[in-house]
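The file final29.cif comes next; it holds mmCIF, C-alpha atoms.
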data_work
loop_
_atom_site.group_PDB
_atom_site.id
_atom_site.type_symbol
_atom_site.label_atom_id
_atom_site.label_comp_id
_atom_site.auth_asym_id
_atom_site.auth_seq_id
_atom_site.Cartn_x
_atom_site.Cartn_y
_atom_site.Cartn_z
ATOM 1 C CA MET O 1 56.787 184.520 82.076
ATOM 2 C CA MET O 2 59.589 182.097 81.203
ATOM 3 C CA PHE O 3 60.491 181.535 77.584
ATOM 4 C CA SER O 4 61.519 178.164 76.259
ATOM 5 C CA LEU O 5 64.602 178.103 74.061
ATOM 6 C CA ASN O 6 63.048 175.135 72.282
ATOM 7 C CA LYS O 7 60.255 177.402 71.031
ATOM 8 C CA LEU O 8 62.314 180.538 70.410
ATOM 9 C CA SER O 9 65.506 179.212 68.921
ATOM 10 C CA PRO O 10 65.977 179.248 65.141
ATOM 11 C CA SER O 11 67.558 176.316 63.366
ATOM 12 C CA VAL O 12 71.334 176.127 63.523
ATOM 13 C CA THR O 13 71.650 177.107 59.856
ATOM 14 C CA ASP O 14 69.338 180.121 60.243
ATOM 15 C CA MET O 15 71.278 181.196 63.320
ATOM 16 C CA ILE O 16 74.574 181.023 61.421
ATOM 17 C CA ARG O 17 73.097 183.080 58.571
ATOM 18 C CA PHE O 18 71.839 185.677 61.064
ATOM 19 C CA ASP O 19 75.302 185.945 62.640
ATOM 20 C CA HIS O 20 76.839 186.488 59.205
ATOM 21 C CA SER O 21 74.309 189.239 58.456
ATOM 22 C CA HIS O 22 74.929 190.929 61.808
ATOM 23 C CA VAL O 23 78.680 191.193 61.187
ATOM 24 C CA LEU O 24 78.170 192.479 57.633
ATOM 25 C CA VAL O 25 75.623 195.108 58.734
ATOM 26 C CA THR O 26 78.043 196.274 61.414
ATOM 27 C CA PHE O 27 80.895 196.407 58.897
ATOM 28 C CA HIS O 28 78.787 198.576 56.584
ATOM 29 C CA GLN O 29 78.566 201.167 59.365
ATOM 30 C CA TYR O 30 82.385 201.410 59.520
ATOM 31 C CA THR O 31 84.093 204.137 57.526
ATOM 32 C CA THR O 32 87.701 205.242 57.638
ATOM 33 C CA ALA O 33 86.482 208.807 58.165
ATOM 34 C CA SER O 34 84.524 207.969 61.342
ATOM 35 C CA ARG O 35 85.582 209.273 64.731
ATOM 36 C CA PRO O 36 88.147 206.981 66.422
ATOM 37 C CA SER O 37 85.687 206.120 69.211
ATOM 38 C CA VAL O 38 83.083 204.999 66.639
ATOM 39 C CA LYS O 39 85.659 202.976 64.696
ATOM 40 C CA LYS O 40 86.808 201.264 67.894
ATOM 41 C CA ALA O 41 83.223 200.506 68.991
ATOM 42 C CA LEU O 42 82.288 199.023 65.611
ATOM 43 C CA ALA O 43 85.501 196.994 65.455
ATOM 44 C CA GLU O 44 84.888 195.652 68.967
ATOM 45 C CA THR O 45 81.294 194.776 68.058
ATOM 46 C CA MET O 46 82.497 192.824 65.028
ATOM 47 C CA CYS O 47 85.328 191.152 66.948
ATOM 48 C CA ASP O 48 83.049 190.030 69.796
ATOM 49 C CA ALA O 49 80.430 188.751 67.335
ATOM 50 C CA LEU O 50 83.034 186.870 65.293
ATOM 51 C CA GLU O 51 84.660 185.293 68.340
ATOM 52 C CA ILE O 52 81.338 184.090 69.715
ATOM 53 C CA HIS O 53 80.220 182.885 66.289
ATOM 54 C CA ALA O 54 83.449 180.948 65.697
ATOM 55 C CA THR O 55 83.250 179.311 69.121
ATOM 56 C CA LEU O 56 79.647 178.262 68.493
ATOM 57 C CA GLU O 57 80.481 176.778 65.104
ATOM 58 C CA GLU O 58 83.513 174.935 66.482
ATOM 59 C CA GLU O 59 81.668 173.503 69.479
ATOM 60 C CA VAL O 60 78.237 172.772 67.991
ATOM 61 C CA PHE O 61 78.086 172.844 64.181
ATOM 62 C CA TYR O 62 81.424 171.648 62.817
ATOM 63 C CA PRO O 63 81.645 168.432 64.878
ATOM 64 C CA VAL O 64 78.299 167.290 63.430
ATOM 65 C CA LEU O 65 79.383 168.113 59.871
ATOM 66 C CA ARG O 66 82.720 166.339 60.337
ATOM 67 C CA ARG O 67 80.897 163.165 61.393
ATOM 68 C CA LEU O 68 78.633 163.395 58.329
ATOM 69 C CA ASN O 69 81.235 164.395 55.741
ATOM 70 C CA GLY O 70 84.718 164.954 57.131
ATOM 71 C CA ASP O 71 86.214 164.990 53.644
ATOM 72 C CA GLU O 72 84.416 168.211 52.648
ATOM 73 C CA PRO O 73 87.192 170.734 51.799
ATOM 74 C CA VAL O 74 85.240 173.683 53.229
ATOM 75 C CA ILE O 75 84.900 172.009 56.629
ATOM 76 C CA ARG O 76 88.608 171.055 56.620
ATOM 77 C CA LYS O 77 89.706 174.658 56.067
ATOM 78 C CA SER O 78 87.187 176.248 58.444
ATOM 79 C CA GLN O 79 89.237 175.856 61.633
ATOM 80 C CA PRO O 80 92.430 177.333 60.109
ATOM 81 C CA GLU O 81 90.323 180.256 58.809
ATOM 82 C CA HIS O 82 88.951 180.808 62.327
ATOM 83 C CA ASP O 83 92.502 180.723 63.691
ATOM 84 C CA GLU O 84 93.594 183.382 61.179
ATOM 85 C CA MET O 85 90.544 185.464 62.064
ATOM 86 C CA ARG O 86 91.477 185.316 65.761
ATOM 87 C CA ARG O 87 95.058 186.354 64.924
ATOM 88 C CA LEU O 88 93.787 189.395 63.019
ATOM 89 C CA ILE O 89 91.361 190.242 65.833
ATOM 90 C CA GLY O 90 94.251 190.216 68.293
ATOM 91 C CA GLN O 91 96.234 192.602 66.100
ATOM 92 C CA LEU O 92 93.206 194.805 65.509
ATOM 93 C CA ARG O 93 92.492 195.115 69.228
ATOM 94 C CA ALA O 94 96.143 196.015 69.857
ATOM 95 C CA THR O 95 96.065 198.806 67.266
ATOM 96 C CA ALA O 96 94.707 202.269 68.048
ATOM 97 C CA PRO O 97 91.763 203.339 65.867
ATOM 98 C CA THR O 98 93.696 206.501 64.985
ATOM 99 C CA GLU O 99 96.355 204.438 63.198
ATOM 100 C CA ARG O 100 96.012 203.710 59.491
ATOM 101 C CA ARG O 101 96.883 200.082 60.266
ATOM 102 C CA HIS O 102 93.616 199.758 62.219
ATOM 103 C CA ASP O 103 91.604 200.342 59.036
ATOM 104 C CA GLN O 104 93.863 197.991 57.070
ATOM 105 C CA LEU O 105 93.521 195.207 59.632
ATOM 106 C CA LEU O 106 89.751 195.603 59.798
ATOM 107 C CA HIS O 107 89.448 195.463 56.027
ATOM 108 C CA GLN O 108 91.709 192.390 55.837
ATOM 109 C CA LEU O 109 89.619 190.717 58.537
ATOM 110 C CA MET O 110 86.425 191.452 56.642
ATOM 111 C CA ARG O 111 87.855 190.187 53.328
ATOM 112 C CA ASP O 112 88.672 186.910 55.065
ATOM 113 C CA VAL O 113 85.274 186.816 56.784
ATOM 114 C CA MET O 114 83.398 187.437 53.526
ATOM 115 C CA HIS O 115 85.272 184.604 51.825
ATOM 116 C CA HIS O 116 84.534 182.302 54.765
ATOM 117 C CA VAL O 117 80.849 183.329 54.812
ATOM 118 C CA ALA O 118 80.519 182.672 51.075
ATOM 119 C CA ASP O 119 81.907 179.147 51.528
ATOM 120 C CA GLU O 120 79.612 178.414 54.440
ATOM 121 C CA GLU O 121 76.481 179.825 52.842
ATOM 122 C CA THR O 122 77.007 178.184 49.442
ATOM 123 C CA VAL O 123 78.428 174.829 50.595
ATOM 124 C CA LEU O 124 78.155 173.968 54.305
ATOM 125 C CA LEU O 125 74.727 175.312 55.202
ATOM 126 C CA PRO O 126 72.924 173.821 52.171
ATOM 127 C CA GLU O 127 74.762 170.544 52.779
ATOM 128 C CA ALA O 128 73.688 170.505 56.440
ATOM 129 C CA GLU O 129 70.099 171.215 55.385
ATOM 130 C CA ARG O 130 70.220 168.277 52.954
ATOM 131 C CA MET O 131 71.814 165.829 55.387
ATOM 132 C CA LEU O 132 69.993 166.743 58.617
ATOM 133 C CA ASP O 133 66.261 166.753 59.172
ATOM 134 C CA LYS O 134 64.373 169.775 60.498
ATOM 135 C CA ASP O 135 64.245 168.417 64.061
ATOM 136 C CA ARG O 136 68.014 167.898 64.196
ATOM 137 C CA LEU O 137 68.680 171.384 62.771
ATOM 138 C CA GLU O 138 66.380 172.866 65.428
ATOM 139 C CA GLU O 139 67.959 170.739 68.175
ATOM 140 C CA LEU O 140 71.389 172.082 67.183
ATOM 141 C CA GLY O 141 69.908 175.594 67.138
ATOM 142 C CA VAL O 142 68.752 175.153 70.745
ATOM 143 C CA GLN O 143 72.168 173.824 71.723
ATOM 144 C CA MET O 144 73.824 176.801 70.013
ATOM 145 C CA SER O 145 71.408 179.259 71.696
ATOM 146 C CA LYS O 146 72.174 177.875 75.154
ATOM 147 C CA ARG O 147 75.921 178.117 74.552
ATOM 148 C CA ARG O 148 75.514 181.629 73.109
ATOM 149 C CA LEU O 149 73.851 182.765 76.348
ATOM 150 C CA GLU O 150 76.823 181.477 78.314
ATOM 151 C CA LEU O 151 79.272 183.299 76.040
ATOM 152 C CA LEU O 152 77.242 186.526 76.027
ATOM 153 C CA LYS O 153 76.689 186.774 79.769
ATOM 154 C CA PRO O 154 80.004 188.485 80.644
ATOM 155 C CA LYS O 155 79.851 190.750 77.560
ATOM 156 C CA VAL O 156 76.258 192.070 77.494
ATOM 157 C CA GLY O 157 77.074 195.525 78.883
ATOM 158 C CA LYS O 158 80.106 195.973 76.642
ATOM 159 C CA ILE O 159 78.165 194.870 73.560
ATOM 160 C CA ALA O 160 75.277 197.237 74.327
ATOM 161 C CA ALA O 161 77.645 200.194 74.859
ATOM 162 C CA ASN O 162 79.607 199.478 71.666
ATOM 163 C CA THR O 163 76.377 199.088 69.694
ATOM 164 C CA ALA O 164 75.088 202.438 70.933
ATOM 165 C CA LEU O 165 78.350 204.226 70.127
ATOM 166 C CA GLY O 166 79.172 202.396 66.910
ATOM 167 C CA PHE O 167 75.774 202.843 65.333
ATOM 168 C CA SER O 168 75.349 206.431 66.516
ATOM 169 C CA GLY O 169 75.508 207.812 62.979
ATOM 170 C CA SER O 170 72.578 205.732 61.754
ATOM 171 C CA THR O 171 69.217 206.328 63.378
ATOM 172 C CA ALA O 172 67.634 203.165 61.998
ATOM 173 C CA ALA O 173 70.683 201.077 62.820
ATOM 174 C CA ILE O 174 70.927 202.389 66.382
ATOM 175 C CA VAL O 175 67.252 201.662 67.028
ATOM 176 C CA VAL O 176 67.606 198.118 65.715
ATOM 177 C CA GLY O 177 70.959 197.610 67.425
ATOM 178 C CA LEU O 178 69.845 198.891 70.816
ATOM 179 C CA ALA O 179 66.573 196.988 70.655
ATOM 180 C CA SER O 180 68.503 193.806 69.877
ATOM 181 C CA ALA O 181 71.023 194.444 72.648
ATOM 182 C CA LEU O 182 68.293 195.227 75.190
ATOM 183 C CA MET O 183 66.282 192.166 74.191
ATOM 184 C CA ALA O 184 69.386 190.015 74.519
ATOM 185 C CA ALA O 185 70.184 191.516 77.935
ATOM 186 C CA ARG O 186 66.592 190.982 79.090
ATOM 187 C CA PHE O 187 66.568 187.414 77.777
ATOM 188 C CA VAL O 188 69.915 186.643 79.454
ATOM 189 C CA SER O 189 68.689 188.182 82.718
ATOM 190 C CA LYS O 190 65.496 186.111 82.669
ATOM 191 C CA LYS O 191 67.434 182.959 81.809
ATOM 192 C CA ILE O 192 69.931 183.580 84.606
ATOM 193 C CA ALA O 193 67.120 184.233 87.103
ATOM 194 C CA ALA O 194 65.491 180.903 86.258
#

Rewrite the structure of this file - the entire thing - as structure tokens.
Amino acid sequence: MMFSLNKLSPSVTDMIRFDHSHVLVTFHQYTTASRPSVKKALAETMCDALEIHATLEEEVFYPVLRRLNGDEPVIRKSQPEHDEMRRLIGQLRATAPTERRHDQLLHQLMRDVMHHVADEETVLLPEAERMLDKDRLEELGVQMSKRRLELLKPKVGKIAANTALGFSGSTAAIVVGLASALMAARFVSKKIAA
């Protein structure tokens, strides 16, 4: 049975909100007292999710908003915030989870992410929902879903392994995380086979 992205894909704004929630839920699993392997897995999960999310926004969402209202201050500062996020991700990945700096970098990254999320969820997403009709929001959601599949394809195994390890301390979180990772892997496999 082949699924249609047109029927399964959420609107672009709902998809962005879901991505924000995913990163925040993952962050809430991270503690400085966790085993280094768990800290590394959770950090990698957040970094991969943030990189994919930023790419999707830059390629699909932001260009549309710039055409509609390029003077919006939040949209003007979004790209530099993504660039800073990528810089911190690079430093975080280069730092061992046993080092105190790893925790500091992760917390700095999440402070920046939370500020960015607040701007998007209180300004950009409501503005997009006012300026674009439901069909256009869904069309952008489909476009974003297709691009997400391309970005996820080489990372599915790594994401599933990091989810299993990173969420190992939370039974509910591991069940949800693994189910999501397996569904994504199955969906990607079916899409690739088609």

Contacts of range 51-61 of chain O at 8 Å (only C-alpha atoms; same-chain gap of 4+ positions) as a list in words:
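Near neighbours after the sequence-gap exclusion: Val12, Ile16, Asp19, Cys47, Leu65, Gln79, His82, Arg86, Leu140, Gln143, Met144, Arg147, Arg148, Leu151 and Leu152 of chain O.
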
Using all atoms listed in the file: which of O:Val123, O:His116, O:Thr95, O:His20 has the shortest distance to Glu44 in chain O
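Among O:Val123, O:His116, O:Thr95, O:His20, it is O:Thr95 that comes nearest to Glu44 in chain O.
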
Go through the shown structure with the PyMOL selection byres ((chain O and resi 93) around 10) and write out the matching residues as a CSV table (one decimal) with C-alpha atoms, keeping the file's coordinate frame.
chain,number,residue,atom,x,y,z
O,40,LYS,CA,86.8,201.3,67.9
O,43,ALA,CA,85.5,197.0,65.5
O,44,GLU,CA,84.9,195.7,69.0
O,47,CYS,CA,85.3,191.2,66.9
O,88,LEU,CA,93.8,189.4,63.0
O,89,ILE,CA,91.4,190.2,65.8
O,90,GLY,CA,94.3,190.2,68.3
O,91,GLN,CA,96.2,192.6,66.1
O,92,LEU,CA,93.2,194.8,65.5
O,94,ALA,CA,96.1,196.0,69.9
O,95,THR,CA,96.1,198.8,67.3
O,96,ALA,CA,94.7,202.3,68.0
O,97,PRO,CA,91.8,203.3,65.9
O,102,HIS,CA,93.6,199.8,62.2
O,105,LEU,CA,93.5,195.2,59.6
O,106,LEU,CA,89.8,195.6,59.8

Just to confirm, what's the straight-line distance from CA of Pro10 in chain O to CA of Gly141 in chain O in Å (one decimal)?
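If I compute the distance from CA of Pro10 in chain O to CA of Gly141 in chain O, I get 5.7 Å.
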
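In terms of minimum interatomic distance to Ser37 in chain O, O:Thr98 ranks closest within O:Glu84, O:Asp119, O:Lys153, O:Thr98, counting all atoms listed in the file.
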
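With all atoms listed in the file as the atoms that count, the minimum distance from Gln29 in chain O to the choices O:Ala41, O:Ser11, O:Asp71, O:Lys77 is reached by O:Ala41.
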
When the PyMOL selection byres ((chain O and resi 33) around 12) is applied to the structure above, which residues does it catch, written out as a list in words?
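When the PyMOL selection byres ((chain O and resi 33) around 12) is applied to the shown file, the picked residues are Gln29, Tyr30, Thr31, Thr32, Ser34, Arg35, Pro36, Ser37, Val38, Lys39, Pro97, Thr98, Glu99, Arg100 and Asp103 of chain O.
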